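Source file: my_file-v2.tsv; contents: TSV, C-alpha atoms.
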chain	number	residue	atom	x	y	z
O	224	MET	CA	69.60	-34.91	-15.38
O	225	SER	CA	67.43	-32.86	-13.00
O	226	PHE	CA	63.67	-32.75	-13.37
O	227	LYS	CA	61.05	-30.69	-11.59
O	228	ILE	CA	58.38	-32.82	-9.87
O	229	TYR	CA	55.18	-31.79	-8.08
O	230	LEU	CA	54.01	-34.25	-5.40
O	231	VAL	CA	50.42	-33.92	-4.14
O	232	GLU	CA	49.81	-36.10	-1.06
O	233	ASP	CA	47.72	-35.06	1.95
O	234	ASP	CA	49.33	-37.51	4.41
O	235	SER	CA	52.14	-35.34	5.80
O	236	ASN	CA	54.29	-38.28	6.92
O	237	LEU	CA	54.02	-40.09	3.59
O	238	ASN	CA	54.54	-36.80	1.76
O	239	LEU	CA	57.81	-36.23	3.63
O	240	VAL	CA	59.05	-39.79	3.03
O	241	LEU	CA	58.27	-39.71	-0.69
O	242	THR	CA	59.78	-36.24	-1.08
O	243	THR	CA	62.98	-37.46	0.58
O	244	TYR	CA	63.25	-40.49	-1.71
O	245	LEU	CA	62.59	-38.46	-4.85
O	246	LYS	CA	65.11	-35.76	-3.92
O	247	LYS	CA	67.79	-38.42	-3.44
O	248	GLU	CA	67.53	-39.01	-7.20
O	249	GLY	CA	68.63	-35.45	-7.83
O	250	TRP	CA	65.14	-34.24	-8.78
O	251	GLU	CA	63.68	-30.92	-7.67
O	252	VAL	CA	60.54	-31.79	-5.69
O	253	SER	CA	57.77	-29.40	-4.63
O	254	PRO	CA	55.40	-31.12	-2.14
O	255	PHE	CA	51.75	-30.12	-1.67
O	256	LEU	CA	49.40	-31.26	1.10
O	257	THR	CA	46.17	-29.89	-0.40
O	258	GLY	CA	44.61	-29.73	-3.82
O	259	LYS	CA	44.11	-25.97	-3.56
O	260	ASP	CA	47.81	-25.38	-3.03
O	261	ALA	CA	48.55	-27.61	-6.02
O	262	GLN	CA	46.00	-25.69	-8.11
O	263	LYS	CA	48.01	-22.50	-7.64
O	264	ALA	CA	51.06	-24.18	-9.20
O	265	ILE	CA	49.34	-25.46	-12.37
O	266	SER	CA	50.29	-22.32	-14.28
O	267	ASN	CA	53.95	-22.94	-13.41
O	268	PRO	CA	54.19	-26.49	-14.75
O	269	PRO	CA	56.69	-29.13	-13.61
O	270	ASP	CA	58.16	-31.95	-15.68
O	271	LEU	CA	55.96	-34.51	-13.90
O	272	TRP	CA	53.04	-34.64	-11.43
O	273	ILE	CA	52.56	-37.30	-8.74
O	274	LEU	CA	48.96	-36.95	-7.67
O	275	ASP	CA	46.95	-38.59	-4.89
O	276	ILE	CA	43.30	-39.10	-5.81
O	277	MET	CA	41.95	-38.76	-2.26
O	278	LEU	CA	42.56	-35.16	-1.17
O	279	PRO	CA	40.82	-33.33	1.68
O	280	ASP	CA	39.59	-30.36	-0.35
O	281	ILE	CA	39.60	-31.14	-4.09
O	282	ASP	CA	38.92	-34.42	-5.85
O	283	GLY	CA	42.06	-35.70	-7.52
O	284	TYR	CA	40.13	-36.38	-10.72
O	285	HIS	CA	39.09	-32.74	-10.92
O	286	LEU	CA	42.65	-31.60	-10.29
O	287	LEU	CA	43.90	-33.89	-13.07
O	288	GLN	CA	41.36	-32.37	-15.47
O	289	GLU	CA	42.68	-28.88	-14.66
O	290	ILE	CA	46.25	-30.05	-15.19
O	291	ARG	CA	45.32	-31.52	-18.57
O	292	GLU	CA	43.49	-28.34	-19.59
O	293	ALA	CA	46.73	-26.43	-18.98
O	294	SER	CA	48.98	-28.98	-20.67
O	295	LEU	CA	48.37	-32.26	-22.46
O	296	ASN	CA	52.01	-33.27	-22.47
O	297	ILE	CA	53.13	-33.27	-18.82
O	298	PRO	CA	53.19	-36.85	-17.45
O	299	VAL	CA	51.08	-37.68	-14.38
O	300	ILE	CA	51.32	-40.60	-11.95
O	301	PHE	CA	48.14	-41.32	-9.96
O	302	ILE	CA	48.36	-42.85	-6.47
O	303	SER	CA	45.35	-44.00	-4.45
O	304	ALA	CA	44.20	-46.23	-1.59
O	305	ARG	CA	40.70	-46.63	-3.02
O	306	ASP	CA	39.33	-49.29	-5.37
O	307	ALA	CA	42.37	-49.98	-7.54
O	308	ASP	CA	40.55	-51.17	-10.67
O	309	ILE	CA	38.10	-48.26	-10.79
O	310	ASP	CA	40.73	-45.62	-10.06
O	311	ARG	CA	43.12	-47.07	-12.60
O	312	VAL	CA	40.52	-47.03	-15.38
O	313	VAL	CA	39.12	-43.59	-14.58
O	314	GLY	CA	42.58	-42.11	-14.10
O	315	LEU	CA	43.82	-43.43	-17.43
O	316	GLU	CA	40.70	-42.21	-19.18
O	317	LEU	CA	41.27	-38.71	-17.79
O	318	GLY	CA	44.87	-38.69	-18.93
O	319	SER	CA	47.12	-40.10	-16.23
O	320	ASP	CA	50.19	-41.91	-17.53
O	321	ASP	CA	50.69	-44.40	-14.71
O	322	TYR	CA	48.88	-45.65	-11.62
O	323	LEU	CA	50.23	-46.90	-8.30
O	324	PRO	CA	47.87	-48.35	-5.65
O	325	LYS	CA	48.58	-47.87	-1.95
O	326	PRO	CA	50.32	-49.25	-0.02
O	327	PHE	CA	53.52	-49.22	-2.02
O	328	LEU	CA	57.23	-49.03	-1.30
O	329	PRO	CA	58.72	-45.55	-1.86
O	330	ARG	CA	61.39	-47.16	-4.01
O	331	GLU	CA	58.71	-48.44	-6.38
O	332	LEU	CA	57.46	-44.90	-6.91
O	333	VAL	CA	61.02	-43.77	-7.62
O	334	ILE	CA	61.45	-46.51	-10.24
O	335	ARG	CA	58.12	-45.73	-11.93
O	336	THR	CA	58.94	-42.03	-11.89
O	337	ARG	CA	62.35	-42.56	-13.47
O	338	ASN	CA	60.93	-44.88	-16.14
O	339	LEU	CA	58.18	-42.41	-17.04
O	340	LEU	CA	60.58	-39.45	-17.20
O	341	GLU	CA	62.92	-41.39	-19.48
O	342	ARG	CA	60.03	-42.49	-21.67
O	343	VAL	CA	58.71	-38.96	-22.07
O	344	TYR	CA	61.91	-36.91	-22.14
O	345	GLY	CA	64.57	-39.46	-23.01
O	346	SER	CA	67.71	-40.22	-21.04
O	347	GLY	CA	69.93	-37.77	-22.91
O	348	SER	CA	70.12	-34.03	-22.72
O	349	ARG	CA	66.90	-32.05	-22.93
O	350	ASN	CA	67.00	-29.32	-25.54
O	351	LEU	CA	64.79	-26.29	-25.76
O	352	ASN	CA	64.64	-23.56	-28.36
O	353	ILE	CA	63.44	-20.01	-28.24
O	354	SER	CA	64.24	-18.18	-31.44
O	355	PRO	CA	67.05	-17.62	-32.24
O	356	TYR	CA	68.66	-19.23	-29.19
O	357	SER	CA	69.13	-22.92	-28.40
O	358	ILE	CA	69.11	-24.16	-24.78
O	359	ASP	CA	70.56	-27.35	-23.34
O	360	GLU	CA	69.12	-27.99	-19.87
O	361	SER	CA	71.52	-30.82	-19.16
O	362	SER	CA	74.67	-28.75	-19.61
O	363	ARG	CA	72.88	-25.47	-18.71
O	364	THR	CA	74.20	-23.73	-21.79
O	365	VAL	CA	72.70	-21.25	-24.22
O	366	LYS	CA	73.97	-20.86	-27.76
O	367	LEU	CA	73.49	-18.52	-30.69
O	368	ASP	CA	74.95	-19.86	-33.94
O	369	ASN	CA	76.99	-22.40	-31.94
O	370	GLU	CA	78.50	-19.65	-29.78
O	371	VAL	CA	77.96	-20.14	-26.04
O	372	ILE	CA	76.47	-17.16	-24.19
O	373	GLU	CA	77.42	-16.90	-20.52
O	374	LEU	CA	74.43	-16.56	-18.17
O	375	THR	CA	74.15	-16.60	-14.41
O	376	SER	CA	72.18	-19.42	-12.79
O	377	LYS	CA	69.05	-17.31	-12.32
O	378	GLU	CA	69.30	-15.83	-15.80
O	379	PHE	CA	69.43	-19.34	-17.21
O	380	ASP	CA	66.48	-20.49	-15.07
O	381	LEU	CA	64.44	-17.52	-16.25
O	382	LEU	CA	65.25	-18.28	-19.90
O	383	VAL	CA	64.20	-21.92	-19.43
O	384	PHE	CA	60.93	-20.77	-17.83
O	385	PHE	CA	60.25	-18.55	-20.83
O	386	ALA	CA	61.18	-21.35	-23.24
O	387	LYS	CA	58.70	-23.69	-21.54
O	388	ASN	CA	55.97	-21.04	-21.67
O	389	LYS	CA	56.47	-19.37	-25.05
O	390	ASP	CA	53.77	-16.88	-26.10
O	391	ARG	CA	52.14	-17.05	-22.64
O	392	ALA	CA	51.61	-14.12	-20.29
O	393	LEU	CA	53.59	-14.75	-17.11
O	394	SER	CA	53.05	-12.73	-13.96
O	395	ARG	CA	55.92	-11.46	-11.82
O	396	GLU	CA	54.72	-13.79	-9.07
O	397	GLN	CA	55.01	-16.82	-11.38
O	398	VAL	CA	58.55	-15.81	-12.31
O	399	LEU	CA	59.46	-15.32	-8.65
O	400	ASN	CA	58.10	-18.75	-7.72
O	401	TYR	CA	59.98	-20.50	-10.52
O	402	VAL	CA	63.34	-18.74	-10.29
O	403	TRP	CA	63.60	-17.92	-6.59
O	404	GLY	CA	61.17	-20.46	-5.10
O	405	GLU	CA	57.86	-20.06	-3.31
O	406	ASN	CA	59.52	-19.14	0.00
O	407	TYR	CA	61.15	-16.01	-1.42
O	408	PHE	CA	60.18	-12.94	0.60
O	409	GLY	CA	61.86	-10.19	-1.40
O	410	THR	CA	60.33	-7.66	-3.75
O	411	ASP	CA	59.20	-8.42	-7.29
O	412	ARG	CA	61.60	-5.72	-8.45
O	413	ALA	CA	64.12	-8.56	-8.55
O	414	VAL	CA	62.17	-9.91	-11.56
O	415	ASP	CA	62.44	-6.61	-13.45
O	416	ASP	CA	66.17	-6.45	-12.75
O	417	LEU	CA	66.67	-10.03	-13.95
O	418	ILE	CA	64.68	-9.32	-17.12
O	419	ARG	CA	66.83	-6.25	-17.78
O	420	ARG	CA	70.02	-8.31	-17.48
O	421	LEU	CA	68.64	-11.07	-19.70
O	422	ARG	CA	67.62	-8.57	-22.39
O	423	LYS	CA	71.15	-7.12	-22.35
O	424	LYS	CA	72.80	-10.52	-22.81
O	425	LEU	CA	70.19	-11.84	-25.28
O	426	PRO	CA	69.21	-8.78	-27.35
O	427	LEU	CA	67.39	-10.90	-29.95
O	428	LEU	CA	65.04	-12.36	-27.34
O	429	ASN	CA	61.56	-10.98	-27.96
O	430	VAL	CA	60.45	-10.09	-24.40
O	431	GLU	CA	57.21	-8.14	-24.17
O	432	THR	CA	56.38	-6.16	-21.03
O	433	ILE	CA	52.78	-6.50	-19.86
O	434	TYR	CA	52.41	-3.41	-17.72
O	435	GLY	CA	50.92	-4.02	-14.32
O	436	TYR	CA	51.23	-7.79	-14.72
O	437	GLY	CA	54.47	-9.28	-16.00
O	438	TYR	CA	56.09	-10.45	-19.22
O	439	ARG	CA	55.63	-12.57	-22.33
O	440	VAL	CA	58.28	-13.99	-24.66
O	441	MET	CA	57.20	-14.38	-28.26
O	442	ASP	CA	58.91	-17.12	-30.27
O	443	SER	CA	59.31	-15.35	-33.59

For this file, write the structure as structure tokens.
Amino acid sequence: MSFKIYLVEDDSNLNLVLTTYLKKEGWEVSPFLTGKDAQKAISNPPDLWILDIMLPDIDGYHLLQEIREASLNIPVIFISARDADIDRVVGLELGSDDYLPKPFLPRELVIRTRNLLERVYGSGSRNLNISPYSIDESSRTVKLDNEVIELTSKEFDLLVFFAKNKDRALSREQVLNYVWGENYFGTDRAVDDLIRRLRKKLPLLNVETIYGYGYRVMDS
């Protein structure tokens, strides 16, 4: 089962090594070298954060607080080379789910990440619902009254993004970053076209247009 992971680590070499190990598990990994870059992604939440406390621009504790303000449920693993006891206590108090002191073997981080994902999401298929449709992320299927509805890969990704952010206003830029990736250089008209196709295939999906900004899906 694929999960989306955000890795925040300012050491570029370590960041690359950890990203490589995590991707080998089949997970989608977005690496960040600064806290400010990670801040921009908070509104487009992953399934799990791996967060270094010592960052060059923003204190990791402050970043964790912002993550928790946006979502109380997303698991977070803290990593740090500072005083292990203090960081562990403060991190747990602020809402981290696990703590790993440096230096550590990359494989240990992989194991802790897998264990935490299984604990939070379970090892089976991950189901989402957005009325009246049911979504199975594991099999990448969408059903209405047990009838499978055929969607393209990007249509499915967009629906999952809406299901994870029900009743929230989402900008076109956020949709672009989630569905096409942050390195996409095309126009945001692609978002409008994808929305049009999704509305046609899922006519009961309550998609609201927020003119000049983006879209919101109401779960009603």

| said: List as an MDAnalysis selection string the protein and nucleic acid residues near region 298-302 of chain O, meaning an atom at most 8 Å away when only C-alpha atoms are counted, but skip any in the same chain fewer than 2 places from it. | reply: chainID O and resid 270:276 296 304 314 318:325 336 339:340 343

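Nearest-residue note for Phe379 (chain O): choosing from O:Arg337, O:Lys227, O:Arg391, O:Lys424, the minimum distance belongs to O:Lys424, counting only C-alpha atoms.
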
| message | For a quick check of understanding, using all atoms listed in the file, which of O:Glu373, O:Lys366, O:Asn350, O:Leu399 has the smallest distance to Lys423 (chain O)? | response |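 Closest to Lys423 (chain O) of all the choices is O:Glu373.
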
Give me, as a PDB file with C-alpha atoms, in the frame of the given file, all polymer residues having an atom no more than 6 Å from region 434-438 of chain O, counting only C-alpha atoms and skipping those fewer than 5 positions away in the same chain.
ATOM      1  CA  ALA O 392      51.610 -14.120 -20.290  1.00  0.00           C
ATOM      2  CA  LEU O 393      53.590 -14.750 -17.110  1.00  0.00           C
ATOM      3  CA  SER O 394      53.050 -12.730 -13.960  1.00  0.00           C
ATOM      4  CA  ARG O 395      55.920 -11.460 -11.820  1.00  0.00           C
TER       5      ARG O 395
END

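CA of Ser253 (chain O) is positioned 4.9 Å from CA of Tyr229 (chain O).
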
| message | Can you measure CA of Pro269 (chain O) to CA of Glu331 (chain O) for me? One decimal in Å is fine. | response | 20.7 Å

Counting only C-alpha atoms, which residues of region 378-417 of chain O fall within 12 Å of region 255-264 of chain O, and what is the closest atom pair for each with its distance in Å at one decimal, ordered by chain and rising number, as a tab-separated table?
residue	atom	partner	partner_atom	distance
O:Glu396	CA	O:Ala264	CA	11.0
O:Gln397	CA	O:Ala264	CA	8.6
O:Val398	CA	O:Ala264	CA	11.7
O:Asn400	CA	O:Ala264	CA	9.0
O:Tyr401	CA	O:Ala264	CA	9.7
O:Gly404	CA	O:Ala264	CA	11.5
O:Glu405	CA	O:Ala264	CA	9.9

| field | Contacts of Pro426 (chain O) at 12 Å (all atoms listed in the file; same-chain gap of 4+ positions) as a PyMOL selection string | value | chain O and resi 354-356+367+372+418-422+430
